[in-house]
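Undergrad: Below you'll find the structure I mean.
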Amino acid sequence: MNWFQLSPEALVVYWGALGLFVGSFLNVAIHRLPLEGETVSKPRRSRCPKCKTTLTWKENIPVLSWVVQLGRCRTCRWPIPWRYPLVETLTACLWAFIAWRTLPERFDLCLVHTLVLSGLIVATFVDFACFEIPDEISIGGMVVAPIASLLVPDLHAGSPIAAWIDGENALNVSRAAALLTCFLGMAVGGGVLIVIGKVGTALYGRDAMGFGDVKLLAAGGGFVGPGAVLLALMIGALVASIAGLGNMLRFFVLLRRRYSARGRSGRIGRSLQVARIAGRYLPFGPYLAIGIGIVLTAWKDVAGWIPLQALWPH
Ligand SMILES: [Zn+2]
């Protein structure tokens with residue numbers, strides 16, 4: 001089979017199917033990275049997190065095994081979280097989406113984009129589960145970003161810095177421009193969150209920003225550049241505030257139900273107060289990841305929505 005003779009539709013399907021199996025590996029990373037003593041390659045074989053039974057190949061088929069086993073471990077009946085099929089499906093869909101945007105012309109961009117999105121998926125689900133972003137992803141991303149920029153300078157196509165260094169009419173981004181865009185992106189991505197964190201601490205007297213978020217946005221900036229990373233932050237903050245409101249509402253409804261079950265119905269003010277505090281405890285990493293992912297893969301579309309040129313003096 002010659003990969004390059006396949007039709008674009010077949011490429012999307014194959015790349016998506018590959019993503020399904022990579023998603024299965026990402027699940028292992030999400031489970032193991034926050035744990036001491038386990039790495040993605042140790043132990044070698046996948047096993048049930050509860051009873052430690054090594055899984056057979058039949059129990060390791062993405063999504064299908066979960067459906068066939070009705071979401072339970074075959075040995076100990078441990079309910080396998082729905083996160084597992086979700087991550088596999090999500091990875092497959094995002095890989096297919098990237099293949100659709102980049103293949104067959106730009107296999108190099110396809111590889112970089114799928115690598116970054118896969119890292120973002122791991123960061124997202126570890127942050128949701130443990131309120132931390134693994135250094136393997138954030139610092140790893142900061143190491144990979146300059147390498148990827150050198151190998152695939154067109155990663156930064158459309159960057160105002162590239163237009164400034166290479167000229168408006170250059171067809172491809174030069175390595176120098178790509179590397180500069182990358183480093184400026186990391187500095188701006190990390191720097192802006194450090195500043196926001198300091199302002200937040202001064203205003204509210206509590207740590208407003210985790211350092212994991214700083215490292216994650218710095219890594220993201222290395223892949224999307226300094227202008228786009230600010231856009232990623234704005235998108236992330238927007239989605240996070242919508243999710244925050246949703247979270248507050250969820251707590252409010254929950255509290256109301258509990259109070260009315262106990263026959264105490266008149267405590268709306270108190271429910272609202274508790275819900276506001278509870279709703280605040282949301283990890284920010286997943287929303288940063290969403291912002292970075294959108295800007296990275298659909299940057300040109302997003303840029304069309306906003307008069308970004310106004311932000312960049314020529
Ligand atoms: Zn088990």
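Identifiers in the structure tokens: chain A, B, ... in order shown; residue index from 1 per chain; ligand index from 1 in order shown.
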Residues within 7 Å of ligand 1, counting only C-alpha atoms and all ligand atoms: report them as a list in words.
TA: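 My answer, listing the contacting residues, is Cys48, Pro49, Lys50, Cys51, Lys52, Thr53, Cys73, Arg74, Thr75, Cys76, Arg77 and Trp78 of chain A.
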Undergrad: Can you tell me, as a PyMOL selection string, what residues are no more than 12 Å from Val28 of chain A when counting only C-alpha atoms, ignoring any on the same chain fewer than 6 positions away?
TA: chain A and resi 21-22+34-35+38-49+60+62+83-84+87-88+122+125-126
Undergrad: Keeping C-alpha atoms for every residue in the selection just given, could you write it to a file as a PDB file, in the first residue's frame?
TA:
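Result written to out-v9.pdb:
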```
ATOM      1  CA  PHE A  21      -5.256   3.361  18.947  1.00  0.00           C
ATOM      2  CA  VAL A  22      -3.099   6.323  19.971  1.00  0.00           C
ATOM      3  CA  PRO A  34       0.504  11.560  37.823  1.00  0.00           C
ATOM      4  CA  LEU A  35       1.518   8.302  39.602  1.00  0.00           C
ATOM      5  CA  GLU A  38       4.976   4.230  36.812  1.00  0.00           C
ATOM      6  CA  THR A  39       5.845   5.531  33.360  1.00  0.00           C
ATOM      7  CA  VAL A  40       4.091   5.144  30.039  1.00  0.00           C
ATOM      8  CA  SER A  41       6.388   2.198  29.265  1.00  0.00           C
ATOM      9  CA  LYS A  42       6.560   0.628  32.719  1.00  0.00           C
ATOM     10  CA  PRO A  43       4.798  -1.760  33.259  1.00  0.00           C
ATOM     11  CA  ARG A  44       4.938  -2.780  29.613  1.00  0.00           C
ATOM     12  CA  ARG A  45       1.475  -4.296  29.222  1.00  0.00           C
ATOM     13  CA  SER A  46      -1.819  -2.533  29.988  1.00  0.00           C
ATOM     14  CA  ARG A  47      -3.516  -3.759  33.108  1.00  0.00           C
ATOM     15  CA  CYS A  48      -6.655  -3.099  35.098  1.00  0.00           C
ATOM     16  CA  PRO A  49      -5.932  -0.190  37.484  1.00  0.00           C
ATOM     17  CA  ASN A  60      -7.539  -3.687  24.701  1.00  0.00           C
ATOM     18  CA  PRO A  62     -10.352   0.929  21.722  1.00  0.00           C
ATOM     19  CA  ARG A  83     -13.115   8.690  30.232  1.00  0.00           C
ATOM     20  CA  TYR A  84     -11.482   5.732  28.449  1.00  0.00           C
ATOM     21  CA  VAL A  87     -10.462   9.895  25.098  1.00  0.00           C
ATOM     22  CA  GLU A  88     -10.198   7.256  22.348  1.00  0.00           C
ATOM     23  CA  VAL A 122      -3.313  14.221  28.079  1.00  0.00           C
ATOM     24  CA  PHE A 125      -7.674  14.931  31.363  1.00  0.00           C
ATOM     25  CA  VAL A 126      -4.851  14.788  33.929  1.00  0.00           C
TER      26      VAL A 126
END
```
Undergrad: Measuring between only C-alpha atoms, which one of A:Ile292, A:Leu117, A:Gly246, A:Leu103 shows the shortest distance to Gly185 of chain A?
TA: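 Once distances to Gly185 of chain A are computed over only C-alpha atoms, the minimum belongs to A:Ile292.
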Undergrad: If you run DSSP on the backbone, which residues of segment 24-131 of chain A are alpha helix (DSSP H), as a PDB file with C-alpha atoms, in the first residue's frame?
TA:
```pdb
ATOM      1  CA  SER A  24      -5.776   4.115  23.927  1.00  0.00           C
ATOM      2  CA  PHE A  25      -2.106   4.888  24.635  1.00  0.00           C
ATOM      3  CA  LEU A  26      -3.039   8.422  25.796  1.00  0.00           C
ATOM      4  CA  ASN A  27      -5.391   6.810  28.346  1.00  0.00           C
ATOM      5  CA  VAL A  28      -2.417   4.926  29.757  1.00  0.00           C
ATOM      6  CA  ALA A  29      -0.428   8.184  29.914  1.00  0.00           C
ATOM      7  CA  ILE A  30      -3.337  10.009  31.612  1.00  0.00           C
ATOM      8  CA  HIS A  31      -3.580   7.252  34.213  1.00  0.00           C
ATOM      9  CA  ARG A  32       0.157   6.794  34.839  1.00  0.00           C
ATOM     10  CA  LEU A  64     -15.224  -1.705  21.370  1.00  0.00           C
ATOM     11  CA  SER A  65     -13.873  -3.561  24.449  1.00  0.00           C
ATOM     12  CA  TRP A  66     -15.526  -1.027  26.729  1.00  0.00           C
ATOM     13  CA  VAL A  67     -18.867  -1.416  24.942  1.00  0.00           C
ATOM     14  CA  VAL A  68     -18.717  -5.231  24.810  1.00  0.00           C
ATOM     15  CA  ARG A  83     -13.115   8.690  30.232  1.00  0.00           C
ATOM     16  CA  TYR A  84     -11.482   5.732  28.449  1.00  0.00           C
ATOM     17  CA  PRO A  85     -13.807   5.446  25.427  1.00  0.00           C
ATOM     18  CA  LEU A  86     -14.205   9.253  25.444  1.00  0.00           C
ATOM     19  CA  VAL A  87     -10.462   9.895  25.098  1.00  0.00           C
ATOM     20  CA  GLU A  88     -10.198   7.256  22.348  1.00  0.00           C
ATOM     21  CA  THR A  89     -13.112   8.691  20.385  1.00  0.00           C
ATOM     22  CA  LEU A  90     -11.903  12.268  20.857  1.00  0.00           C
ATOM     23  CA  THR A  91      -8.369  11.418  19.729  1.00  0.00           C
ATOM     24  CA  ALA A  92      -9.692   9.625  16.631  1.00  0.00           C
ATOM     25  CA  CYS A  93     -11.946  12.571  15.712  1.00  0.00           C
ATOM     26  CA  LEU A  94      -9.205  15.167  16.194  1.00  0.00           C
ATOM     27  CA  TRP A  95      -6.660  13.106  14.228  1.00  0.00           C
ATOM     28  CA  ALA A  96      -9.171  12.723  11.386  1.00  0.00           C
ATOM     29  CA  PHE A  97      -9.868  16.468  11.501  1.00  0.00           C
ATOM     30  CA  ILE A  98      -6.159  17.288  11.224  1.00  0.00           C
ATOM     31  CA  ALA A  99      -5.706  14.808   8.357  1.00  0.00           C
ATOM     32  CA  TRP A 100      -8.617  16.472   6.574  1.00  0.00           C
ATOM     33  CA  ARG A 101      -6.990  19.910   6.992  1.00  0.00           C
ATOM     34  CA  THR A 102      -3.402  18.971   6.084  1.00  0.00           C
ATOM     35  CA  PHE A 107       2.367  15.349   6.043  1.00  0.00           C
ATOM     36  CA  ASP A 108       4.938  17.256   8.156  1.00  0.00           C
ATOM     37  CA  LEU A 109       2.323  19.687   9.505  1.00  0.00           C
ATOM     38  CA  CYS A 110      -0.057  16.786  10.073  1.00  0.00           C
ATOM     39  CA  LEU A 111       2.521  15.049  12.295  1.00  0.00           C
ATOM     40  CA  VAL A 112       3.272  18.172  14.358  1.00  0.00           C
ATOM     41  CA  HIS A 113      -0.403  19.044  14.805  1.00  0.00           C
ATOM     42  CA  THR A 114      -1.394  15.529  15.852  1.00  0.00           C
ATOM     43  CA  LEU A 115       1.532  15.395  18.293  1.00  0.00           C
ATOM     44  CA  VAL A 116       0.547  18.703  19.899  1.00  0.00           C
ATOM     45  CA  LEU A 117      -3.165  17.852  20.109  1.00  0.00           C
ATOM     46  CA  SER A 118      -2.372  14.470  21.659  1.00  0.00           C
ATOM     47  CA  GLY A 119      -0.258  16.198  24.317  1.00  0.00           C
ATOM     48  CA  LEU A 120      -3.109  18.646  24.964  1.00  0.00           C
ATOM     49  CA  ILE A 121      -5.574  15.768  25.419  1.00  0.00           C
ATOM     50  CA  VAL A 122      -3.313  14.221  28.079  1.00  0.00           C
ATOM     51  CA  ALA A 123      -2.837  17.605  29.834  1.00  0.00           C
ATOM     52  CA  THR A 124      -6.611  18.206  29.790  1.00  0.00           C
ATOM     53  CA  PHE A 125      -7.674  14.931  31.363  1.00  0.00           C
ATOM     54  CA  VAL A 126      -4.851  14.788  33.929  1.00  0.00           C
ATOM     55  CA  ASP A 127      -5.718  18.343  35.005  1.00  0.00           C
ATOM     56  CA  PHE A 128      -9.423  17.463  35.324  1.00  0.00           C
ATOM     57  CA  ALA A 129      -8.567  14.413  37.438  1.00  0.00           C
ATOM     58  CA  CYS A 130      -5.662  15.707  39.585  1.00  0.00           C
TER      59      CYS A 130
END
```
Undergrad: Just checking: using only C-alpha atoms, which residue out of A:Ala218, A:Leu254, A:Ala237, A:Ile277 ends up closest to Phe183 of chain A?
TA: A:Ala218
Undergrad: Calculate how many Å separate atom CA of Cys182 of chain A from atom CA of Gly197 of chain A, rounding to one decimal.
TA: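 Answer for the atom CA of Cys182 of chain A to atom CA of Gly197 of chain A separation: 22.7 Å.
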Undergrad: So, with only C-alpha atoms as the atoms that count, which of A:Ala145, A:Ile268, A:Leu203, A:Ala177 lies closest to Leu217 of chain A?
TA: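 Checking each candidate against Leu217 of chain A, we get A:Ala145 as the closest.
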Undergrad: Residues at most 12 Å from Pro283 of chain A, counting only C-alpha atoms, excluding those fewer than 2 positions away in the same chain, as a short mmCIF file (atom, residue, chain, number, x, y, z; two decimals) with N, CA and C atoms, in the first residue's frame?
TA:
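Okay, part-v6.cif is ready:
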```
data_model
loop_
_atom_site.label_atom_id
_atom_site.label_comp_id
_atom_site.auth_asym_id
_atom_site.auth_seq_id
_atom_site.Cartn_x
_atom_site.Cartn_y
_atom_site.Cartn_z
N ALA A 123 -2.85 16.51 28.85
CA ALA A 123 -2.84 17.61 29.83
C ALA A 123 -4.24 17.88 30.34
N THR A 124 -5.22 17.91 29.44
CA THR A 124 -6.61 18.21 29.79
C THR A 124 -7.16 17.21 30.81
N PHE A 125 -7.01 15.92 30.51
CA PHE A 125 -7.67 14.93 31.36
C PHE A 125 -6.92 14.70 32.67
N VAL A 126 -5.58 14.88 32.66
CA VAL A 126 -4.85 14.79 33.93
C VAL A 126 -5.23 15.97 34.82
N ASP A 127 -5.36 17.15 34.23
CA ASP A 127 -5.72 18.34 35.00
C ASP A 127 -7.12 18.21 35.59
N PHE A 128 -8.06 17.68 34.81
CA PHE A 128 -9.42 17.46 35.32
C PHE A 128 -9.41 16.51 36.51
N ALA A 129 -8.56 15.45 36.41
CA ALA A 129 -8.57 14.41 37.44
C ALA A 129 -7.75 14.82 38.66
N CYS A 130 -6.60 15.49 38.47
CA CYS A 130 -5.66 15.71 39.58
C CYS A 130 -5.32 17.17 39.83
N PHE A 131 -5.89 18.10 39.09
CA PHE A 131 -5.55 19.52 39.24
C PHE A 131 -4.07 19.79 39.06
N GLU A 132 -3.45 19.06 38.14
CA GLU A 132 -2.06 19.38 37.82
C GLU A 132 -1.80 19.00 36.37
N ILE A 133 -0.81 19.67 35.78
CA ILE A 133 -0.45 19.36 34.40
C ILE A 133 0.93 18.72 34.43
N ALA A 208 -3.84 32.97 42.05
CA ALA A 208 -4.85 32.95 41.00
C ALA A 208 -4.45 32.01 39.87
N MET A 209 -3.16 31.74 39.74
CA MET A 209 -2.70 31.00 38.57
C MET A 209 -1.70 29.93 38.99
N GLY A 210 -1.94 28.69 38.56
CA GLY A 210 -0.98 27.64 38.88
C GLY A 210 0.20 27.70 37.93
N PHE A 211 1.37 27.25 38.40
CA PHE A 211 2.54 27.33 37.52
C PHE A 211 2.44 26.32 36.39
N GLY A 212 1.66 25.27 36.59
CA GLY A 212 1.44 24.31 35.50
C GLY A 212 0.80 24.99 34.30
N ASP A 213 -0.15 25.91 34.57
CA ASP A 213 -0.81 26.65 33.49
C ASP A 213 0.21 27.51 32.74
N GLY A 236 -9.55 30.47 25.64
CA GLY A 236 -9.56 29.63 26.83
C GLY A 236 -10.33 30.27 27.97
N ALA A 237 -10.08 31.58 28.19
CA ALA A 237 -10.75 32.28 29.28
C ALA A 237 -12.25 32.35 29.04
N ALA A 240 -13.69 28.91 29.64
CA ALA A 240 -13.61 28.62 31.07
C ALA A 240 -14.70 29.36 31.84
N SER A 241 -15.00 30.60 31.44
CA SER A 241 -16.02 31.33 32.19
C SER A 241 -17.41 30.74 31.92
N ALA A 243 -17.89 27.53 31.27
CA ALA A 243 -17.88 26.29 32.05
C ALA A 243 -18.03 26.60 33.54
N GLY A 244 -17.42 27.71 33.99
CA GLY A 244 -17.50 28.11 35.40
C GLY A 244 -18.95 28.42 35.78
N ASN A 247 -20.80 25.22 36.00
CA ASN A 247 -20.43 24.53 37.22
C ASN A 247 -21.17 25.11 38.43
N GLY A 279 -18.07 26.73 42.54
CA GLY A 279 -17.93 26.88 41.09
C GLY A 279 -16.58 27.44 40.69
N ARG A 280 -15.88 28.05 41.65
CA ARG A 280 -14.60 28.67 41.35
C ARG A 280 -13.51 27.61 41.16
N TYR A 281 -13.71 26.43 41.78
CA TYR A 281 -12.64 25.44 41.73
C TYR A 281 -12.69 24.61 40.46
N GLY A 285 -6.21 24.53 33.01
CA GLY A 285 -5.45 23.86 31.96
C GLY A 285 -6.29 23.37 30.78
N PRO A 286 -7.42 22.67 31.04
CA PRO A 286 -8.21 22.16 29.92
C PRO A 286 -8.67 23.27 28.98
N TYR A 287 -8.98 24.44 29.54
CA TYR A 287 -9.50 25.53 28.70
C TYR A 287 -8.37 26.18 27.91
N LEU A 288 -7.20 26.28 28.54
CA LEU A 288 -6.02 26.72 27.79
C LEU A 288 -5.75 25.76 26.63
N ALA A 289 -5.87 24.46 26.92
CA ALA A 289 -5.63 23.44 25.89
C ALA A 289 -6.61 23.61 24.73
#
```
Undergrad: Take atom CA of Val195 of chain A and atom CA of Gly225 of chain A and report the distance between them in Å, one decimal.
TA: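 We find that atom CA of Val195 of chain A and atom CA of Gly225 of chain A lie 18.3 Å from each other.
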Undergrad: Might you pull out every residue within 7 Å of Leu179 of chain A, with only C-alpha atoms counted and same-chain residues fewer than 4 positions away left off, and present them as an mmCIF file with C-alpha atoms, in the first residue's frame?
TA:
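Wrote result-v1.cif, looks like this:
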```cif
data_model
loop_
_atom_site.group_PDB
_atom_site.id
_atom_site.type_symbol
_atom_site.label_atom_id
_atom_site.label_comp_id
_atom_site.auth_asym_id
_atom_site.auth_seq_id
_atom_site.Cartn_x
_atom_site.Cartn_y
_atom_site.Cartn_z
ATOM 1 C CA PRO A 146 11.814 24.834 18.875
ATOM 2 C CA SER A 149 9.840 24.970 14.358
ATOM 3 C CA LEU A 150 13.260 24.201 12.867
ATOM 4 C CA ARG A 175 14.001 28.628 9.854
ATOM 5 C CA PHE A 183 10.744 31.655 21.297
#
```
Undergrad: Go through A:Ser174, A:Ser7, A:Ser260, A:Asn169 and flag the residue nearest Val152 of chain A, using only C-alpha atoms for the distances.
TA: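 Comparing A:Ser174, A:Ser7, A:Ser260, A:Asn169 against Val152 of chain A, the winner is A:Ser174.
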Undergrad: Rounded to one decimal in Å, what is the spacing between atom CA of Glu136 of chain A and atom CA of Asp154 of chain A?
TA: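 Going from atom CA of Glu136 of chain A over to atom CA of Asp154 of chain A covers 25.2 Å.
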Undergrad: So that I can see what lies close to Thr181 of chain A, please list as a PyMOL selection string the residues with an atom at most 9 Å from it, counting only C-alpha atoms and leaving out residues fewer than 2 positions away in the same chain.
TA: chain A and resi 149+156+159-162+176-179+183-186+221-226
